[in-house]
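Below is the file my_file-v2.txt, which contains compact mmCIF, C-alpha atoms.
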# COMPACT_ATOMS: atom_id res chain seq x y z
CA MET A 1 38.88 -31.65 -46.04
CA ILE A 2 35.09 -31.50 -45.88
CA VAL A 3 35.05 -28.25 -47.87
CA GLN A 4 37.41 -29.60 -50.55
CA ASN A 5 35.58 -32.92 -51.06
CA PRO A 6 32.02 -32.38 -52.42
CA MET A 7 30.98 -36.01 -51.91
CA LEU A 8 32.14 -36.04 -48.31
CA ARG A 9 30.48 -32.68 -47.70
CA THR A 10 27.18 -34.04 -49.04
CA ARG A 11 27.47 -37.15 -46.86
CA VAL A 12 28.06 -35.06 -43.75
CA ILE A 13 25.17 -32.67 -44.48
CA THR A 14 22.76 -35.56 -45.07
CA GLY A 15 23.90 -37.20 -41.85
CA LEU A 16 23.46 -34.02 -39.83
CA ILE A 17 19.92 -33.56 -41.17
CA GLY A 18 18.86 -37.08 -40.22
CA LEU A 19 20.70 -37.27 -36.89
CA PRO A 20 18.22 -35.22 -34.78
CA LEU A 21 15.34 -37.45 -35.89
CA ILE A 22 17.27 -40.58 -34.94
CA ILE A 23 18.32 -39.15 -31.56
CA ALA A 24 14.77 -38.09 -30.72
CA ALA A 25 13.19 -41.44 -31.68
CA VAL A 26 15.86 -43.50 -29.89
CA TYR A 27 15.52 -41.43 -26.74
CA ALA A 28 11.70 -41.48 -26.78
CA GLY A 29 11.51 -45.22 -27.39
CA GLY A 30 8.08 -46.87 -27.44
CA TYR A 31 5.89 -46.14 -30.43
CA TRP A 32 8.22 -43.35 -31.61
CA PHE A 33 11.13 -45.73 -32.03
CA PHE A 34 8.80 -48.39 -33.44
CA GLY A 35 7.55 -45.87 -36.01
CA LEU A 36 11.06 -44.87 -37.08
CA VAL A 37 12.30 -48.45 -37.36
CA THR A 38 9.18 -49.44 -39.30
CA LEU A 39 9.57 -46.54 -41.72
CA ILE A 40 13.23 -47.44 -42.28
CA GLY A 41 12.29 -51.07 -42.79
CA LEU A 42 9.60 -50.24 -45.34
CA VAL A 43 11.92 -48.05 -47.38
CA ALA A 44 14.70 -50.66 -47.22
CA GLY A 45 12.27 -53.37 -48.32
CA TRP A 46 11.12 -51.24 -51.25
CA GLU A 47 14.75 -50.68 -52.24
CA PHE A 48 15.46 -54.40 -52.03
CA GLU A 49 12.56 -55.11 -54.38
CA ARG A 50 13.83 -52.46 -56.84
CA MET A 51 17.31 -53.98 -56.75
CA MET A 52 15.99 -57.45 -57.52
CA ARG A 53 13.86 -56.13 -60.38
CA ALA A 54 16.97 -54.49 -61.83
CA GLY A 55 18.47 -57.99 -61.92
CA GLY A 56 15.45 -59.43 -63.73
CA TYR A 57 13.68 -60.92 -60.69
CA HIS A 58 10.14 -60.15 -59.54
CA PRO A 59 9.61 -60.59 -55.79
CA THR A 60 6.20 -59.59 -54.42
CA VAL A 61 6.94 -56.32 -52.66
CA ILE A 62 3.72 -56.12 -50.62
CA ILE A 63 4.46 -59.50 -49.01
CA THR A 64 8.07 -58.51 -48.35
CA LEU A 65 6.98 -55.27 -46.68
CA THR A 66 4.29 -57.03 -44.65
CA PHE A 67 6.85 -59.56 -43.44
CA ILE A 68 9.20 -56.75 -42.37
CA VAL A 69 6.51 -54.87 -40.45
CA LEU A 70 5.27 -58.00 -38.66
CA LEU A 71 8.78 -59.00 -37.60
CA ILE A 72 9.48 -55.51 -36.26
CA PHE A 73 6.19 -55.61 -34.37
CA ASP A 74 7.18 -58.96 -32.88
CA GLY A 75 10.36 -57.32 -31.59
CA PHE A 76 8.27 -54.47 -30.20
CA GLN A 77 5.80 -56.82 -28.45
CA PRO A 78 7.75 -60.06 -27.88
CA GLY A 79 5.35 -61.13 -25.11
CA LEU A 80 2.61 -61.78 -27.67
CA ARG A 81 4.65 -64.68 -29.12
CA TRP A 82 3.38 -64.18 -32.66
CA LEU A 83 6.61 -65.16 -34.43
CA SER A 84 5.54 -68.71 -35.27
CA LEU A 85 2.21 -67.49 -36.64
CA ILE A 86 3.88 -64.71 -38.63
CA ILE A 87 6.35 -67.06 -40.31
CA THR A 88 3.64 -69.63 -41.03
CA LEU A 89 1.27 -67.15 -42.65
CA ILE A 90 3.96 -65.46 -44.75
CA LEU A 91 5.60 -68.73 -45.79
CA LEU A 92 2.37 -70.37 -46.97
CA GLY A 93 0.66 -67.21 -48.17
CA SER A 94 3.59 -66.14 -50.35
CA ILE A 95 3.93 -69.47 -52.16
CA ILE A 96 0.16 -69.70 -52.70
CA TRP A 97 0.28 -66.20 -54.18
CA GLN A 98 2.94 -67.34 -56.66
CA LEU A 99 0.53 -69.97 -57.98
CA PHE A 100 -1.79 -67.21 -59.17
CA ARG A 101 0.88 -64.98 -60.74
CA SER A 102 1.09 -65.01 -64.51
CA ASP A 103 3.85 -62.39 -64.87
CA SER A 104 6.61 -64.44 -63.22
CA THR A 105 8.94 -66.52 -65.39
CA ALA A 106 10.81 -67.89 -62.36
CA PRO A 107 8.17 -68.24 -59.63
CA THR A 108 10.33 -70.30 -57.27
CA VAL A 109 13.13 -67.71 -57.36
CA ASP A 110 10.67 -64.85 -56.97
CA TRP A 111 9.05 -66.60 -54.01
CA ALA A 112 12.44 -67.20 -52.37
CA LEU A 113 13.47 -63.56 -52.85
CA THR A 114 10.14 -62.35 -51.47
CA LEU A 115 10.82 -64.28 -48.27
CA ALA A 116 14.55 -63.54 -48.16
CA GLY A 117 14.11 -59.78 -48.45
CA GLY A 118 11.53 -59.67 -45.69
CA LEU A 119 13.44 -61.96 -43.36
CA TYR A 120 16.82 -60.35 -43.98
CA ILE A 121 15.64 -56.81 -43.29
CA GLY A 122 12.88 -57.58 -40.80
CA TRP A 123 14.90 -59.99 -38.66
CA GLY A 124 17.75 -57.56 -38.13
CA LEU A 125 15.42 -54.66 -37.35
CA SER A 126 13.28 -56.79 -35.02
CA HIS A 127 16.36 -57.45 -32.88
CA LEU A 128 17.21 -53.75 -32.86
CA MET A 129 13.60 -53.06 -31.81
CA ALA A 130 13.74 -55.73 -29.09
CA LEU A 131 17.06 -54.35 -27.84
CA ARG A 132 15.43 -50.97 -27.14
CA GLN A 133 12.78 -52.76 -25.05
CA PHE A 134 15.37 -53.91 -22.48
CA GLY A 135 15.42 -52.08 -19.16
CA ASP A 136 18.79 -50.60 -20.15
CA GLY A 137 17.93 -50.72 -23.85
CA LEU A 138 18.57 -47.03 -24.44
CA ALA A 139 22.20 -47.52 -23.41
CA TRP A 140 22.66 -50.60 -25.58
CA ILE A 141 21.07 -48.98 -28.63
CA TRP A 142 23.62 -46.20 -28.33
CA VAL A 143 26.41 -48.73 -27.96
CA ALA A 144 25.27 -50.26 -31.25
CA LEU A 145 24.86 -46.92 -33.04
CA LEU A 146 27.95 -45.08 -31.80
CA SER A 147 30.17 -48.10 -32.30
CA THR A 148 28.84 -48.65 -35.82
CA TRP A 149 29.20 -45.00 -36.76
CA GLY A 150 32.64 -44.81 -35.20
CA ALA A 151 33.74 -47.92 -37.06
CA ASP A 152 32.37 -46.69 -40.40
CA SER A 153 33.96 -43.26 -40.05
CA LEU A 154 37.43 -44.35 -38.94
CA ALA A 155 37.49 -47.25 -41.42
CA TYR A 156 36.65 -44.80 -44.20
CA PHE A 157 39.35 -42.27 -43.32
CA THR A 158 41.97 -44.91 -42.48
CA GLY A 159 41.33 -46.77 -45.71
CA ARG A 160 41.54 -43.61 -47.80
CA THR A 161 44.74 -42.36 -46.21
CA ILE A 162 46.88 -45.44 -45.55
CA GLY A 163 44.87 -48.36 -46.98
CA ARG A 164 47.05 -50.58 -49.16
CA THR A 165 46.24 -54.26 -48.52
CA LYS A 166 43.01 -55.41 -50.14
CA LEU A 167 40.66 -57.10 -47.69
CA TRP A 168 38.19 -58.96 -49.94
CA PRO A 169 38.39 -57.66 -53.52
CA ARG A 170 35.86 -60.24 -54.73
CA HIS A 171 33.08 -58.40 -52.91
CA SER A 172 34.48 -54.92 -52.24
CA PRO A 173 37.61 -53.81 -54.13
CA ARG A 174 38.09 -50.66 -52.03
CA LYS A 175 38.06 -52.22 -48.55
CA THR A 176 41.47 -52.79 -46.97
CA TRP A 177 42.88 -54.50 -43.90
CA GLU A 178 44.14 -51.12 -42.70
CA GLY A 179 40.60 -49.78 -42.94
CA LEU A 180 39.28 -52.74 -40.95
CA ILE A 181 41.82 -52.15 -38.18
CA GLY A 182 40.87 -48.48 -38.12
CA GLY A 183 37.21 -49.51 -37.99
CA ILE A 184 37.81 -51.74 -34.97
CA VAL A 185 39.50 -48.85 -33.17
CA GLY A 186 36.62 -46.56 -34.11
CA GLY A 187 34.09 -49.12 -32.92
CA MET A 188 35.79 -49.40 -29.55
CA VAL A 189 35.95 -45.61 -29.20
CA GLY A 190 32.23 -45.33 -29.98
CA ALA A 191 31.37 -48.05 -27.48
CA ILE A 192 33.51 -46.43 -24.76
CA LEU A 193 31.77 -43.10 -25.35
CA ALA A 194 28.37 -44.78 -24.90
CA ALA A 195 29.63 -46.50 -21.74
CA LEU A 196 30.77 -43.21 -20.25
CA VAL A 197 27.46 -41.49 -21.00
CA PHE A 198 25.26 -44.33 -19.75
CA ASP A 199 27.47 -45.70 -16.97
CA LEU A 200 28.08 -49.14 -18.45
CA ARG A 201 31.05 -51.32 -17.48
CA LEU A 202 33.98 -50.44 -19.72
CA SER A 203 35.34 -53.99 -19.76
CA THR A 204 32.03 -55.31 -21.06
CA VAL A 205 31.53 -52.59 -23.66
CA ILE A 206 35.07 -52.64 -25.08
CA VAL A 207 34.65 -56.27 -26.13
CA ILE A 208 31.44 -55.65 -28.06
CA GLY A 209 32.99 -52.47 -29.46
CA ALA A 210 35.65 -54.64 -31.11
CA ILE A 211 33.07 -57.17 -32.36
CA ILE A 212 30.64 -54.66 -33.86
CA PRO A 213 32.94 -53.48 -36.69
CA ILE A 214 33.45 -57.08 -37.82
CA ALA A 215 29.71 -57.80 -37.74
CA GLY A 216 29.09 -54.55 -39.60
CA LEU A 217 31.68 -55.48 -42.21
CA PHE A 218 29.84 -58.69 -43.05
CA GLY A 219 26.59 -56.74 -43.27
CA ASP A 220 28.20 -54.28 -45.65
CA LEU A 221 29.76 -57.01 -47.80
CA SER A 222 26.46 -58.90 -47.97
CA ILE A 223 24.68 -55.95 -49.56
CA SER A 224 27.67 -55.39 -51.87
CA MET A 225 27.36 -59.00 -53.04
CA MET A 226 23.66 -58.53 -53.82
CA LYS A 227 24.20 -55.23 -55.62
CA ARG A 228 27.03 -56.68 -57.70
CA GLN A 229 24.86 -59.61 -58.80
CA VAL A 230 22.00 -57.41 -60.00
CA GLY A 231 24.31 -54.74 -61.42
CA VAL A 232 23.46 -51.67 -59.34
CA LYS A 233 25.80 -49.29 -57.54
CA ASP A 234 23.42 -48.16 -54.77
CA SER A 235 20.14 -49.49 -53.44
CA SER A 236 18.58 -46.12 -54.40
CA ASN A 237 19.46 -42.41 -54.47
CA LEU A 238 17.19 -41.28 -51.63
CA LEU A 239 20.05 -40.14 -49.37
CA PRO A 240 22.42 -37.72 -51.15
CA GLY A 241 26.01 -38.81 -50.71
CA HIS A 242 24.99 -42.11 -49.10
CA GLY A 243 22.93 -43.90 -51.74
CA GLY A 244 19.86 -45.59 -50.31
CA VAL A 245 18.50 -46.43 -46.89
CA LEU A 246 19.55 -50.06 -47.33
CA ASP A 247 23.10 -48.90 -48.08
CA ARG A 248 23.19 -47.17 -44.68
CA LEU A 249 21.31 -49.93 -42.89
CA ASP A 250 23.41 -52.87 -44.06
CA SER A 251 25.82 -52.89 -41.10
CA LEU A 252 23.11 -52.38 -38.48
CA LEU A 253 21.14 -55.39 -39.72
CA PHE A 254 24.00 -57.57 -38.47
CA VAL A 255 25.02 -55.35 -35.55
CA GLY A 256 21.50 -55.24 -34.07
CA ILE A 257 21.42 -59.03 -33.79
CA VAL A 258 24.93 -59.29 -32.35
CA VAL A 259 24.41 -56.56 -29.75
CA TYR A 260 21.00 -57.94 -28.76
CA TYR A 261 22.40 -61.34 -27.80
CA TYR A 262 25.52 -59.84 -26.26
CA ALA A 263 23.41 -57.58 -24.07
CA LEU A 264 21.09 -60.48 -23.23
CA TRP A 265 23.79 -62.99 -22.31
CA VAL A 266 26.68 -60.79 -21.14
CA GLY A 267 25.52 -57.22 -20.57
Have the structure of the file written as structure tokens, please.
Amino acid sequence: MIVQNPMLRTRVITGLIGLPLIIAAVYAGGYWFFGLVTLIGLVAGWEFERMMRAGGYHPTVIITLTFIVLLIFDGFQPGLRWLSLIITLILLGSIIWQLFRSDSTAPTVDWALTLAGGLYIGWGLSHLMALRQFGDGLAWIWVALLSTWGADSLAYFTGRTIGRTKLWPRHSPRKTWEGLIGGIVGGMVGAILAALVFDLRLSTVIVIGAIIPIAGLFGDLSISMMKRQVGVKDSSNLLPGHGGVLDRLDSLLFVGIVVYYYALWVG
């Protein structure tokens, strides 16, 4: 099937090229993982700004990117307790900057999008960063990743083969209930695999494995809603067969938050 489907073949090749980098950074943790997450966040923030400009809006990309980096750093060094200062500086600094802009026809909207893009991307990634900082963070990161990838893969193949009942055509015409059920199964399988490798309790991991595909679905649909409003198909074309970094990151922005609090309160 991979050989006969050029798009699927391209997706798989791109994934296999990027996978070793992800595995190495996740395993190394520390500044290596911080560097990877920051790079991903910067590219996603740049893509968000491009998407909004395609829709006629003009957020300030440098403030959005700064917000993302500072939030990720707060997740990397939560003991510094800089979050309140970060939000204060970005909130006030961004609206003051709008007062001096002469190229914005809708300064309030542009200001709101500047903040929203940074908070949306940076907040999700900061939780993923903070999750890796746990004593058993390596295990929980792999629960999040393997469950998300398992859910995406099985939802895709299930939807293409037996998907009939539309899930939410308003936001994603191709998603089906059958695909969602397949995704939940795939998420549980991915979580179980992580549990077996890292010796986590199966009963604890199976529950989050069933929750992750649902969280990921809302992340996916959220980006679809934004792209539909501004009239773009993908956030960019940086990843052949996948679209942009933000297209691949959408599920994890929700999943990272969900898994962080699950690991904190339950795991």
**Request:** Would you list the contacts of Ser224 (chain A) as a ChimeraX atom specification, taking every protein, DNA or RNA residue within 9 Å and counting all atoms listed in the file, but skipping same-chain residues closer than 5 positions in sequence?
**Result:** /A:171-172,219,229,233-234,247
Serialized selection, C-alpha atoms, as a PDB file, in the coordinates of the input:
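Saved result, selection.pdb, follows:
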ATOM      1  CA  HIS A 171      33.080 -58.400 -52.910  1.00  0.00           C
ATOM      2  CA  SER A 172      34.480 -54.920 -52.240  1.00  0.00           C
ATOM      3  CA  GLY A 219      26.590 -56.740 -43.270  1.00  0.00           C
ATOM      4  CA  GLN A 229      24.860 -59.610 -58.800  1.00  0.00           C
ATOM      5  CA  LYS A 233      25.800 -49.290 -57.540  1.00  0.00           C
ATOM      6  CA  ASP A 234      23.420 -48.160 -54.770  1.00  0.00           C
ATOM      7  CA  ASP A 247      23.100 -48.900 -48.080  1.00  0.00           C
TER       8      ASP A 247
END
With all atoms listed in the file counted and 12 Å as the cut-off, give the residues of region 28-70 of chain A in contact with region 136-145 of chain A, each with its shortest interatomic distance in Å and the pair that gives it, as a tab-separated table.
residue	atom	partner	partner_atom	distance
A:Ala28	CA	A:Leu138	CA	9.1
A:Gly29	CA	A:Leu138	CA	7.9
A:Gly30	CA	A:Leu138	CA	10.9
A:Phe33	CA	A:Leu138	CA	10.7
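Closest to Ile121 (chain A) among A:Thr14, A:Ser203, A:Thr66, A:Thr60 is A:Thr66, based on all atoms listed in the file.
Neighbours of region 259-265 of chain A closer than or equal to 9 Å, with only C-alpha atoms counted and sequence neighbours fewer than 2 positions away skipped, come out as His127, Leu128, Ala130, Leu131, Phe134, Gly137, Trp140, Ile141, Val143, Ala144, Ile208, Ile212, Phe254, Val255, Gly256, Ile257 and Gly267 of chain A.
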**Item:** Gap from CA of Val245 (chain A) to CA of Val189 (chain A) - Å, one decimal
**Value:** 24.9 Å
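When all atoms listed in the file are used to measure the gap to Gly56 (chain A), the shortest distance among A:Gly231, A:Gly243, A:Pro169, A:Gly117 belongs to A:Gly231.
Reported to one decimal place, the separation of CA of Ala54 (chain A) from CA of Ser235 (chain A) is 10.3 Å.
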**Message:** Quick one: residues within 12 Å of Leu249 (chain A), only C-alpha atoms, excluding same-chain residues fewer than 4 positions away - as JSON, numbers by chain?
**Reply:** {"A": [37, 40, 41, 42, 43, 44, 45, 47, 48, 120, 121, 122, 124, 125, 128, 145, 148, 149, 152, 216, 217, 219, 220, 222, 223, 235, 239, 242, 243, 244, 245, 253, 254, 255, 256]}
Emit the selected residues as a short mmCIF file (atom, residue, chain, number, x, y, z; two decimals), keeping the file's coordinate frame, including C-alpha atoms.
data_model
loop_
_atom_site.label_atom_id
_atom_site.label_comp_id
_atom_site.auth_asym_id
_atom_site.auth_seq_id
_atom_site.Cartn_x
_atom_site.Cartn_y
_atom_site.Cartn_z
CA VAL A 37 12.30 -48.45 -37.36
CA ILE A 40 13.23 -47.44 -42.28
CA GLY A 41 12.29 -51.07 -42.79
CA LEU A 42 9.60 -50.24 -45.34
CA VAL A 43 11.92 -48.05 -47.38
CA ALA A 44 14.70 -50.66 -47.22
CA GLY A 45 12.27 -53.37 -48.32
CA GLU A 47 14.75 -50.68 -52.24
CA PHE A 48 15.46 -54.40 -52.03
CA TYR A 120 16.82 -60.35 -43.98
CA ILE A 121 15.64 -56.81 -43.29
CA GLY A 122 12.88 -57.58 -40.80
CA GLY A 124 17.75 -57.56 -38.13
CA LEU A 125 15.42 -54.66 -37.35
CA LEU A 128 17.21 -53.75 -32.86
CA LEU A 145 24.86 -46.92 -33.04
CA THR A 148 28.84 -48.65 -35.82
CA TRP A 149 29.20 -45.00 -36.76
CA ASP A 152 32.37 -46.69 -40.40
CA GLY A 216 29.09 -54.55 -39.60
CA LEU A 217 31.68 -55.48 -42.21
CA GLY A 219 26.59 -56.74 -43.27
CA ASP A 220 28.20 -54.28 -45.65
CA SER A 222 26.46 -58.90 -47.97
CA ILE A 223 24.68 -55.95 -49.56
CA SER A 235 20.14 -49.49 -53.44
CA LEU A 239 20.05 -40.14 -49.37
CA HIS A 242 24.99 -42.11 -49.10
CA GLY A 243 22.93 -43.90 -51.74
CA GLY A 244 19.86 -45.59 -50.31
CA VAL A 245 18.50 -46.43 -46.89
CA LEU A 253 21.14 -55.39 -39.72
CA PHE A 254 24.00 -57.57 -38.47
CA VAL A 255 25.02 -55.35 -35.55
CA GLY A 256 21.50 -55.24 -34.07
#
**Asked** Hey, which of A:Val230, A:Gly163, A:Leu36, A:Gly18 ends up closest to Arg53 (chain A)? Count only C-alpha atoms.
**Response** A:Val230
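Close contacts of Arg170 (chain A), defined as residues with an atom at most 10 Å away when counting all atoms listed in the file, with chain neighbours fewer than 4 positions off set aside, comprise Lys166, Leu221, Ser224, Met225 and Arg228 of chain A.
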Requested write-out: C-alpha atoms of the selected residues, as a PDB file, keeping the file's coordinate frame:
ATOM      1  CA  LYS A 166      43.010 -55.410 -50.140  1.00  0.00           C
ATOM      2  CA  LEU A 221      29.760 -57.010 -47.800  1.00  0.00           C
ATOM      3  CA  SER A 224      27.670 -55.390 -51.870  1.00  0.00           C
ATOM      4  CA  MET A 225      27.360 -59.000 -53.040  1.00  0.00           C
ATOM      5  CA  ARG A 228      27.030 -56.680 -57.700  1.00  0.00           C
TER       6      ARG A 228
END
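We find CA of Phe34 (chain A) and CA of Leu89 (chain A) to be spaced 22.2 Å apart.
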Just give me the residues with any atom within 8 Å of (8.3, -59.9, -36.6), file coordinates, counting only C-alpha atoms, written as a compact mmCIF listing (two decimals) with C-alpha atoms, in the coordinates of the input.
# COMPACT_ATOMS: atom_id res chain seq x y z
CA PHE A 67 6.85 -59.56 -43.44
CA ILE A 68 9.20 -56.75 -42.37
CA VAL A 69 6.51 -54.87 -40.45
CA LEU A 70 5.27 -58.00 -38.66
CA LEU A 71 8.78 -59.00 -37.60
CA ILE A 72 9.48 -55.51 -36.26
CA PHE A 73 6.19 -55.61 -34.37
CA ASP A 74 7.18 -58.96 -32.88
CA GLY A 75 10.36 -57.32 -31.59
CA TRP A 82 3.38 -64.18 -32.66
CA LEU A 83 6.61 -65.16 -34.43
CA ILE A 86 3.88 -64.71 -38.63
CA GLY A 122 12.88 -57.58 -40.80
CA TRP A 123 14.90 -59.99 -38.66
CA SER A 126 13.28 -56.79 -35.02
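Near Lys175 (chain A), within 7 Å and counting only C-alpha atoms, sit A:Gly159, A:Lys166, A:Leu167, A:Trp168, not including residues fewer than 5 positions from it in the same chain.
If you measure from each of A:Leu146, A:Pro59, A:Gly15, A:Arg81 to Val197 (chain A) using all atoms listed in the file, the closest one turns out to be A:Leu146.
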